[in-house]
>>> print(open('final02.cif').read())   # mmCIF, C-alpha atoms, pLDDT in the B column; chains and numbers go by the auth columns
data_target
#
loop_
_atom_site.group_PDB
_atom_site.id
_atom_site.type_symbol
_atom_site.label_atom_id
_atom_site.label_comp_id
_atom_site.label_asym_id
_atom_site.label_seq_id
_atom_site.Cartn_x
_atom_site.Cartn_y
_atom_site.Cartn_z
_atom_site.B_iso_or_equiv
_atom_site.auth_seq_id
_atom_site.auth_asym_id
ATOM 1 C CA MET A 1 113.528 144.005 72.005 38.00 1 A
ATOM 2 C CA CYS A 2 115.297 144.243 68.652 40.00 2 A
ATOM 3 C CA SER A 3 118.776 143.033 67.917 42.00 3 A
ATOM 4 C CA GLY A 4 119.630 146.277 66.157 43.00 4 A
ATOM 5 C CA HIS A 5 119.632 144.922 62.611 41.00 5 A
ATOM 6 C CA PRO A 6 118.095 147.618 60.351 42.00 6 A
ATOM 7 C CA SER A 7 115.768 145.233 58.493 39.00 7 A
ATOM 8 C CA GLU A 8 114.327 143.956 61.796 36.00 8 A
ATOM 9 C CA GLU A 9 113.632 147.487 62.994 36.00 9 A
ATOM 10 C CA ARG A 10 111.653 148.273 59.846 36.00 10 A
ATOM 11 C CA SER A 11 109.676 145.027 59.974 36.00 11 A
ATOM 12 C CA ALA A 12 107.725 145.862 63.149 36.00 12 A
ATOM 13 C CA PRO A 13 105.629 149.007 63.647 41.00 13 A
ATOM 14 C CA PRO A 14 107.088 151.297 66.316 48.00 14 A
ATOM 15 C CA LEU A 15 104.151 150.886 68.722 48.00 15 A
ATOM 16 C CA THR A 16 104.279 147.089 68.869 48.00 16 A
ATOM 17 C CA ARG A 17 108.015 146.433 68.732 56.00 17 A
ATOM 18 C CA GLY A 18 108.982 144.101 71.571 61.00 18 A
ATOM 19 C CA VAL A 19 105.441 143.624 72.882 65.00 19 A
ATOM 20 C CA SER A 20 104.283 140.048 73.344 73.00 20 A
ATOM 21 C CA SER A 21 101.132 140.153 75.465 90.00 21 A
ATOM 22 C CA LEU A 22 97.697 140.643 73.981 93.00 22 A
ATOM 23 C CA PRO A 23 96.623 143.202 76.642 93.00 23 A
ATOM 24 C CA ALA A 24 99.727 145.312 75.935 95.00 24 A
ATOM 25 C CA ARG A 25 98.964 145.223 72.209 94.00 25 A
ATOM 26 C CA PHE A 26 95.403 146.319 72.974 95.00 26 A
ATOM 27 C CA GLY A 27 96.668 149.282 75.033 95.00 27 A
ATOM 28 C CA LEU A 28 99.066 150.290 72.278 96.00 28 A
ATOM 29 C CA GLY A 29 96.216 150.006 69.788 95.00 29 A
ATOM 30 C CA LEU A 30 94.187 152.473 71.862 95.00 30 A
ATOM 31 C CA ILE A 31 97.124 154.879 71.823 95.00 31 A
ATOM 32 C CA TRP A 32 97.338 154.489 68.031 95.00 32 A
ATOM 33 C CA ILE A 33 93.622 155.280 67.702 95.00 33 A
ATOM 34 C CA TYR A 34 94.052 158.347 69.933 92.00 34 A
ATOM 35 C CA ARG A 35 96.999 159.602 67.871 91.00 35 A
ATOM 36 C CA HIS A 36 95.066 159.251 64.622 91.00 36 A
ATOM 37 C CA SER A 37 91.772 160.712 65.814 92.00 37 A
ATOM 38 C CA LEU A 38 91.404 162.768 68.982 88.00 38 A
ATOM 39 C CA SER A 39 94.984 164.044 68.988 86.00 39 A
ATOM 40 C CA LEU A 40 94.446 165.594 65.562 85.00 40 A
ATOM 41 C CA ILE A 41 91.442 167.526 66.883 87.00 41 A
ATOM 42 C CA LEU A 42 92.945 168.587 70.228 82.00 42 A
ATOM 43 C CA GLY A 43 96.320 169.528 68.804 77.00 43 A
ATOM 44 C CA ARG A 44 99.772 168.342 69.768 74.00 44 A
ATOM 45 C CA ALA A 45 100.807 170.583 72.628 78.00 45 A
ATOM 46 C CA CYS A 46 102.287 168.395 75.347 84.00 46 A
ATOM 47 C CA ARG A 47 104.221 170.014 78.191 87.00 47 A
ATOM 48 C CA TYR A 48 106.687 167.156 78.293 91.00 48 A
ATOM 49 C CA ALA A 49 109.252 165.471 76.094 91.00 49 A
ATOM 50 C CA PRO A 50 108.537 162.750 75.095 92.00 50 A
ATOM 51 C CA THR A 51 104.836 163.401 74.587 91.00 51 A
ATOM 52 C CA CYS A 52 102.354 161.742 76.911 92.00 52 A
ATOM 53 C CA SER A 53 101.268 159.206 74.281 93.00 53 A
ATOM 54 C CA ASP A 54 104.894 158.304 73.471 94.00 54 A
ATOM 55 C CA TYR A 55 105.644 158.026 77.199 95.00 55 A
ATOM 56 C CA THR A 56 102.627 155.799 77.874 96.00 56 A
ATOM 57 C CA GLY A 57 103.410 153.613 74.861 96.00 57 A
ATOM 58 C CA GLU A 58 106.994 153.139 76.009 96.00 58 A
ATOM 59 C CA ALA A 59 105.850 152.364 79.569 96.00 59 A
ATOM 60 C CA ILE A 60 103.419 149.729 78.252 96.00 60 A
ATOM 61 C CA ARG A 61 106.089 148.189 76.017 95.00 61 A
ATOM 62 C CA ARG A 62 108.568 148.104 78.892 95.00 62 A
ATOM 63 C CA TYR A 63 106.340 147.054 81.816 95.00 63 A
ATOM 64 C CA GLY A 64 103.105 145.660 80.325 94.00 64 A
ATOM 65 C CA LEU A 65 99.590 147.074 80.253 96.00 65 A
ATOM 66 C CA TRP A 66 98.848 147.029 83.995 96.00 66 A
ATOM 67 C CA ARG A 67 102.043 148.631 85.316 96.00 67 A
ATOM 68 C CA GLY A 68 102.767 150.720 82.226 96.00 68 A
ATOM 69 C CA GLY A 69 99.174 151.917 82.088 96.00 69 A
ATOM 70 C CA TRP A 70 99.370 153.248 85.649 96.00 70 A
ATOM 71 C CA ILE A 71 102.721 154.896 84.923 96.00 71 A
ATOM 72 C CA GLY A 72 101.196 156.527 81.836 96.00 72 A
ATOM 73 C CA LEU A 73 98.036 157.600 83.697 96.00 73 A
ATOM 74 C CA ALA A 74 100.149 159.379 86.306 95.00 74 A
ATOM 75 C CA ARG A 75 101.996 161.226 83.544 93.00 75 A
ATOM 76 C CA ILE A 76 98.790 162.198 81.717 92.00 76 A
ATOM 77 C CA LEU A 77 97.292 163.592 84.923 93.00 77 A
ATOM 78 C CA ARG A 78 100.497 165.596 85.569 91.00 78 A
ATOM 79 C CA CYS A 79 100.227 167.167 82.100 88.00 79 A
ATOM 80 C CA ASN A 80 98.177 170.225 83.024 86.00 80 A
ATOM 81 C CA PRO A 81 98.792 173.978 83.232 86.00 81 A
ATOM 82 C CA PHE A 82 99.632 173.756 86.949 86.00 82 A
ATOM 83 C CA GLY A 83 102.092 170.862 86.644 83.00 83 A
ATOM 84 C CA PRO A 84 105.767 170.823 85.739 88.00 84 A
ATOM 85 C CA SER A 85 107.122 170.556 82.204 89.00 85 A
ATOM 86 C CA GLY A 86 110.325 169.493 80.479 90.00 86 A
ATOM 87 C CA TYR A 87 112.203 166.282 79.763 93.00 87 A
ATOM 88 C CA ASP A 88 110.680 163.337 81.647 91.00 88 A
ATOM 89 C CA PRO A 89 111.636 159.854 80.394 93.00 89 A
ATOM 90 C CA VAL A 90 109.989 156.581 81.433 94.00 90 A
ATOM 91 C CA PRO A 91 111.588 155.324 84.673 93.00 91 A
ATOM 92 C CA GLN A 92 114.267 152.678 84.179 93.00 92 A
ATOM 93 C CA VAL A 93 113.162 150.732 87.271 93.00 93 A
ATOM 94 C CA LEU A 94 109.847 150.414 89.071 93.00 94 A
ATOM 95 C CA PRO A 95 109.431 151.962 92.537 91.00 95 A
ATOM 96 C CA ALA A 96 110.336 149.575 95.343 91.00 96 A
ATOM 97 C CA ALA A 97 106.964 150.037 97.091 91.00 97 A
ATOM 98 C CA ALA A 98 104.919 149.221 93.964 92.00 98 A
ATOM 99 C CA ARG A 99 102.858 146.029 93.932 93.00 99 A
ATOM 100 C CA TRP A 100 100.278 144.735 91.463 91.00 100 A
ATOM 101 C CA TYR A 101 97.564 145.143 94.114 94.00 101 A
ATOM 102 C CA LEU A 102 98.705 148.744 94.852 93.00 102 A
ATOM 103 C CA PRO A 103 98.926 149.978 91.258 93.00 103 A
ATOM 104 C CA TRP A 104 98.880 153.699 92.055 92.00 104 A
ATOM 105 C CA ARG A 105 102.372 153.264 93.486 93.00 105 A
ATOM 106 C CA TYR A 106 103.753 152.633 89.984 93.00 106 A
ATOM 107 C CA GLY A 107 103.104 156.206 88.908 92.00 107 A
ATOM 108 C CA GLN A 108 105.077 159.343 89.661 91.00 108 A
ATOM 109 C CA TRP A 109 102.175 161.664 90.469 90.00 109 A
ATOM 110 C CA THR A 110 104.155 164.883 90.978 87.00 110 A
ATOM 111 C CA GLY A 111 107.103 166.396 89.169 84.00 111 A
ATOM 112 C CA ALA A 112 109.397 165.980 92.178 85.00 112 A
ATOM 113 C CA HIS A 113 111.337 163.180 90.461 87.00 113 A
ATOM 114 C CA MET A 114 112.354 165.390 87.524 85.00 114 A
ATOM 115 C CA ASP A 115 115.877 166.803 87.282 84.00 115 A
ATOM 116 C CA GLU A 116 115.852 170.562 87.932 84.00 116 A
ATOM 117 C CA GLU A 117 118.035 171.205 84.870 83.00 117 A
ATOM 118 C CA SER A 118 115.536 169.551 82.518 82.00 118 A
ATOM 119 C CA ARG A 119 112.453 171.353 83.871 83.00 119 A
ATOM 120 C CA LEU A 120 110.943 174.224 81.935 82.00 120 A
ATOM 121 C CA ASP A 121 108.615 175.614 84.623 68.00 121 A
#
>>> encode(input="final02.cif", output="structure tokens")
Amino acid sequence: MCSGHPSEERSAPPLTRGVSSLPARFGLGLIWIYRHSLSLILGRACRYAPTCSDYTGEAIRRYGLWRGGWIGLARILRCNPFGPSGYDPVPQVLPAAARWYLPWRYGQWTGAHMDEESRLD
């Protein structure tokens, strides 16, 4: 990522900082387009902190488009009126059972992993 020097942090846009692969940049570009188009129409009312687009962007930056995309998809599908809400950061480590050929195992599809103290439901 960045070394922490202030001039280096300002030199790269926040969505692409630390991303090296072309597919990951493409995914982050789609998130940027969403934020500057559809998100403005739908409104910014996410049930989670960080928002689903921030969460998915961070997952893609951390784990790449394939793994991070599945992690983000699981979060987006959890973001509904019947799901949990509250503070839900990107996981620090991938699940042990996750494999590239079993991509649905990357995601946390329920709110069971969330700390009870940080939930708002």
>>> closest_residue(input="final02.cif", among="A:Gly27, A:Gly57, A:Gly111, A:Pro50", to="A:Pro84", atoms="all atoms listed in the file")
A:Gly111
>>> axis_aligned_box(input="final02.cif", around="stretch 46-61 of chain A", padding_each_side="5 Å", output="lines of an AutoDock Vina configuration file")
center_x = 105.3
center_y = 159.1
center_z = 76.5
size_x = 18.0
size_y = 31.8
size_z = 16.1
>>> residues_around(input="final02.cif", residues="A:Leu77", least_positions_apart="3", cutoff="10 Å", atoms="all atoms listed in the file", output="ChimeraX atom specification")
/A:52,72-74,80,83,109-110
>>> closest_residue(input="final02.cif", among="A:Trp104, A:Tyr87, A:Trp70, A:Tyr63", to="A:Thr51", atoms="all atoms listed in the file")
A:Tyr87
>>> closest_residue(input="final02.cif", among="A:Gly29, A:Gly43, A:Pro23, A:Gly107", to="A:Val90", atoms="all atoms listed in the file")
A:Gly107
>>> residues_near_point(input="final02.cif", point="(105.4, 151.5, 92.6)", cutoff="7 Å", atoms="only C-alpha atoms", output="list in words")
Leu94, Pro95, Ala96, Ala97, Ala98, Arg99, Pro103, Trp104, Arg105, Tyr106 and Gly107 of chain A
>>> write_last_selection(input="final02.cif", atoms="C-alpha atoms", output="PDB file, in the coordinates of the input")
ATOM      1  CA  LEU A  94     109.847 150.414  89.071  1.00 93.00           C
ATOM      2  CA  PRO A  95     109.431 151.962  92.537  1.00 91.00           C
ATOM      3  CA  ALA A  96     110.336 149.575  95.343  1.00 91.00           C
ATOM      4  CA  ALA A  97     106.964 150.037  97.091  1.00 91.00           C
ATOM      5  CA  ALA A  98     104.919 149.221  93.964  1.00 92.00           C
ATOM      6  CA  ARG A  99     102.858 146.029  93.932  1.00 93.00           C
ATOM      7  CA  PRO A 103      98.926 149.978  91.258  1.00 93.00           C
ATOM      8  CA  TRP A 104      98.880 153.699  92.055  1.00 92.00           C
ATOM      9  CA  ARG A 105     102.372 153.264  93.486  1.00 93.00           C
ATOM     10  CA  TYR A 106     103.753 152.633  89.984  1.00 93.00           C
ATOM     11  CA  GLY A 107     103.104 156.206  88.908  1.00 92.00           C
TER      12      GLY A 107
END
>>> atom_distance(input="final02.cif", atom1="atom CA of A:Arg75", atom2="atom CA of A:Ser21")
22.6 Å
>>> resolve_selection(input="final02.cif", expression="the PyMOL selection byres ((chain A and resi 59) around 9)", output="ChimeraX atom specification")
/A:54-58,60-65,67-72,90-91
>>> write_last_selection(input="final02.cif", atoms="C-alpha atoms", output="compact mmCIF listing (two decimals), in the coordinates of the input")
# COMPACT_ATOMS: atom_id res chain seq x y z
CA ASP A 54 104.89 158.30 73.47
CA TYR A 55 105.64 158.03 77.20
CA THR A 56 102.63 155.80 77.87
CA GLY A 57 103.41 153.61 74.86
CA GLU A 58 106.99 153.14 76.01
CA ILE A 60 103.42 149.73 78.25
CA ARG A 61 106.09 148.19 76.02
CA ARG A 62 108.57 148.10 78.89
CA TYR A 63 106.34 147.05 81.82
CA GLY A 64 103.10 145.66 80.32
CA LEU A 65 99.59 147.07 80.25
CA ARG A 67 102.04 148.63 85.32
CA GLY A 68 102.77 150.72 82.23
CA GLY A 69 99.17 151.92 82.09
CA TRP A 70 99.37 153.25 85.65
CA ILE A 71 102.72 154.90 84.92
CA GLY A 72 101.20 156.53 81.84
CA VAL A 90 109.99 156.58 81.43
CA PRO A 91 111.59 155.32 84.67
>>> closest_residue(input="final02.cif", among="A:His36, A:Leu22, A:Arg78, A:Asp88", to="A:Asp115", atoms="only C-alpha atoms")
A:Asp88
>>> atom_distance(input="final02.cif", atom1="atom CA of A:Arg35", atom2="atom CA of A:Ser118")
25.6 Å
>>> closest_residue(input="final02.cif", among="A:Trp66, A:Phe82, A:Arg119, A:Leu102", to="A:Arg25", atoms="all atoms listed in the file")
A:Trp66
>>> build_atoms(input="final02.cif", residues="stretch 78-89 of chain A", atoms="all heavy atoms", output="CSV table (one decimal), in the coordinates of the input")
chain,number,residue,atom,x,y,z
A,78,ARG,N,99.5,164.5,85.3
A,78,ARG,CA,100.5,165.6,85.6
A,78,ARG,C,100.5,166.6,84.5
A,78,ARG,O,101.0,167.8,84.7
A,78,ARG,CB,101.9,165.0,85.7
A,78,ARG,CG,102.3,164.5,87.0
A,78,ARG,CD,103.8,164.3,87.1
A,78,ARG,NE,104.3,163.8,85.8
A,78,ARG,CZ,105.0,162.7,85.7
A,78,ARG,NH1,105.4,162.1,86.7
A,78,ARG,NH2,105.4,162.3,84.5
A,79,CYS,N,100.1,166.3,83.3
A,79,CYS,CA,100.2,167.2,82.1
A,79,CYS,C,99.1,168.1,82.1
A,79,CYS,O,98.0,167.9,81.5
A,79,CYS,CB,100.2,166.3,80.8
A,79,CYS,SG,100.7,167.3,79.4
A,80,ASN,N,99.2,169.2,82.9
A,80,ASN,CA,98.2,170.2,83.0
A,80,ASN,C,98.9,171.6,83.2
A,80,ASN,O,100.1,171.6,83.5
A,80,ASN,CB,97.2,169.9,84.2
A,80,ASN,CG,97.9,169.9,85.5
A,80,ASN,OD1,98.3,170.9,86.0
A,80,ASN,ND2,98.0,168.7,86.1
A,81,PRO,N,98.1,172.7,83.1
A,81,PRO,CA,98.8,174.0,83.2
A,81,PRO,C,99.5,174.2,84.6
A,81,PRO,O,100.3,175.1,84.7
A,81,PRO,CB,97.6,175.0,83.0
A,81,PRO,CG,96.6,174.2,82.3
A,81,PRO,CD,96.7,172.8,82.7
A,82,PHE,N,99.1,173.5,85.6
A,82,PHE,CA,99.6,173.8,86.9
A,82,PHE,C,100.8,172.8,87.3
A,82,PHE,O,101.4,172.9,88.3
A,82,PHE,CB,98.5,173.6,88.0
A,82,PHE,CG,97.4,174.6,87.7
A,82,PHE,CD1,96.2,174.1,87.3
A,82,PHE,CD2,97.5,175.9,87.9
A,82,PHE,CE1,95.1,174.9,87.0
A,82,PHE,CE2,96.5,176.8,87.6
A,82,PHE,CZ,95.3,176.3,87.1
A,83,GLY,N,101.0,171.8,86.4
A,83,GLY,CA,102.1,170.9,86.6
A,83,GLY,C,103.4,171.3,86.1
A,83,GLY,O,103.5,172.3,85.4
A,84,PRO,N,104.4,170.5,86.3
A,84,PRO,CA,105.8,170.8,85.7
A,84,PRO,C,105.8,170.5,84.2
A,84,PRO,O,104.9,170.0,83.7
A,84,PRO,CB,106.7,169.9,86.5
A,84,PRO,CG,105.8,168.7,86.9
A,84,PRO,CD,104.5,169.3,87.1
A,85,SER,N,106.9,170.8,83.6
A,85,SER,CA,107.1,170.6,82.2
A,85,SER,C,108.6,170.3,82.0
A,85,SER,O,109.4,170.6,82.8
A,85,SER,CB,106.6,171.7,81.3
A,85,SER,OG,107.3,172.9,81.6
A,86,GLY,N,108.9,169.7,80.8
A,86,GLY,CA,110.3,169.5,80.5
A,86,GLY,C,110.6,168.0,80.1
A,86,GLY,O,109.6,167.3,79.8
A,87,TYR,N,111.8,167.6,80.1
A,87,TYR,CA,112.2,166.3,79.8
A,87,TYR,C,111.9,165.3,80.9
A,87,TYR,O,112.4,165.5,82.0
A,87,TYR,CB,113.7,166.2,79.4
A,87,TYR,CG,114.1,164.9,79.0
A,87,TYR,CD1,113.7,164.3,77.9
A,87,TYR,CD2,115.0,164.1,79.8
A,87,TYR,CE1,114.1,163.0,77.5
A,87,TYR,CE2,115.4,162.9,79.5
A,87,TYR,CZ,115.0,162.3,78.3
A,87,TYR,OH,115.4,161.0,78.0
A,88,ASP,N,111.1,164.3,80.6
A,88,ASP,CA,110.7,163.3,81.6
A,88,ASP,C,110.6,162.0,81.0
A,88,ASP,O,109.5,161.6,80.5
A,88,ASP,CB,109.3,163.8,82.2
A,88,ASP,CG,108.8,162.8,83.3
A,88,ASP,OD1,109.6,162.2,84.0
A,88,ASP,OD2,107.6,162.7,83.4
A,89,PRO,N,111.7,161.2,81.0
A,89,PRO,CA,111.6,159.9,80.4
A,89,PRO,C,110.9,158.8,81.3
A,89,PRO,O,110.7,159.0,82.5
A,89,PRO,CB,113.1,159.5,80.2
A,89,PRO,CG,113.8,160.2,81.4
A,89,PRO,CD,113.0,161.5,81.5
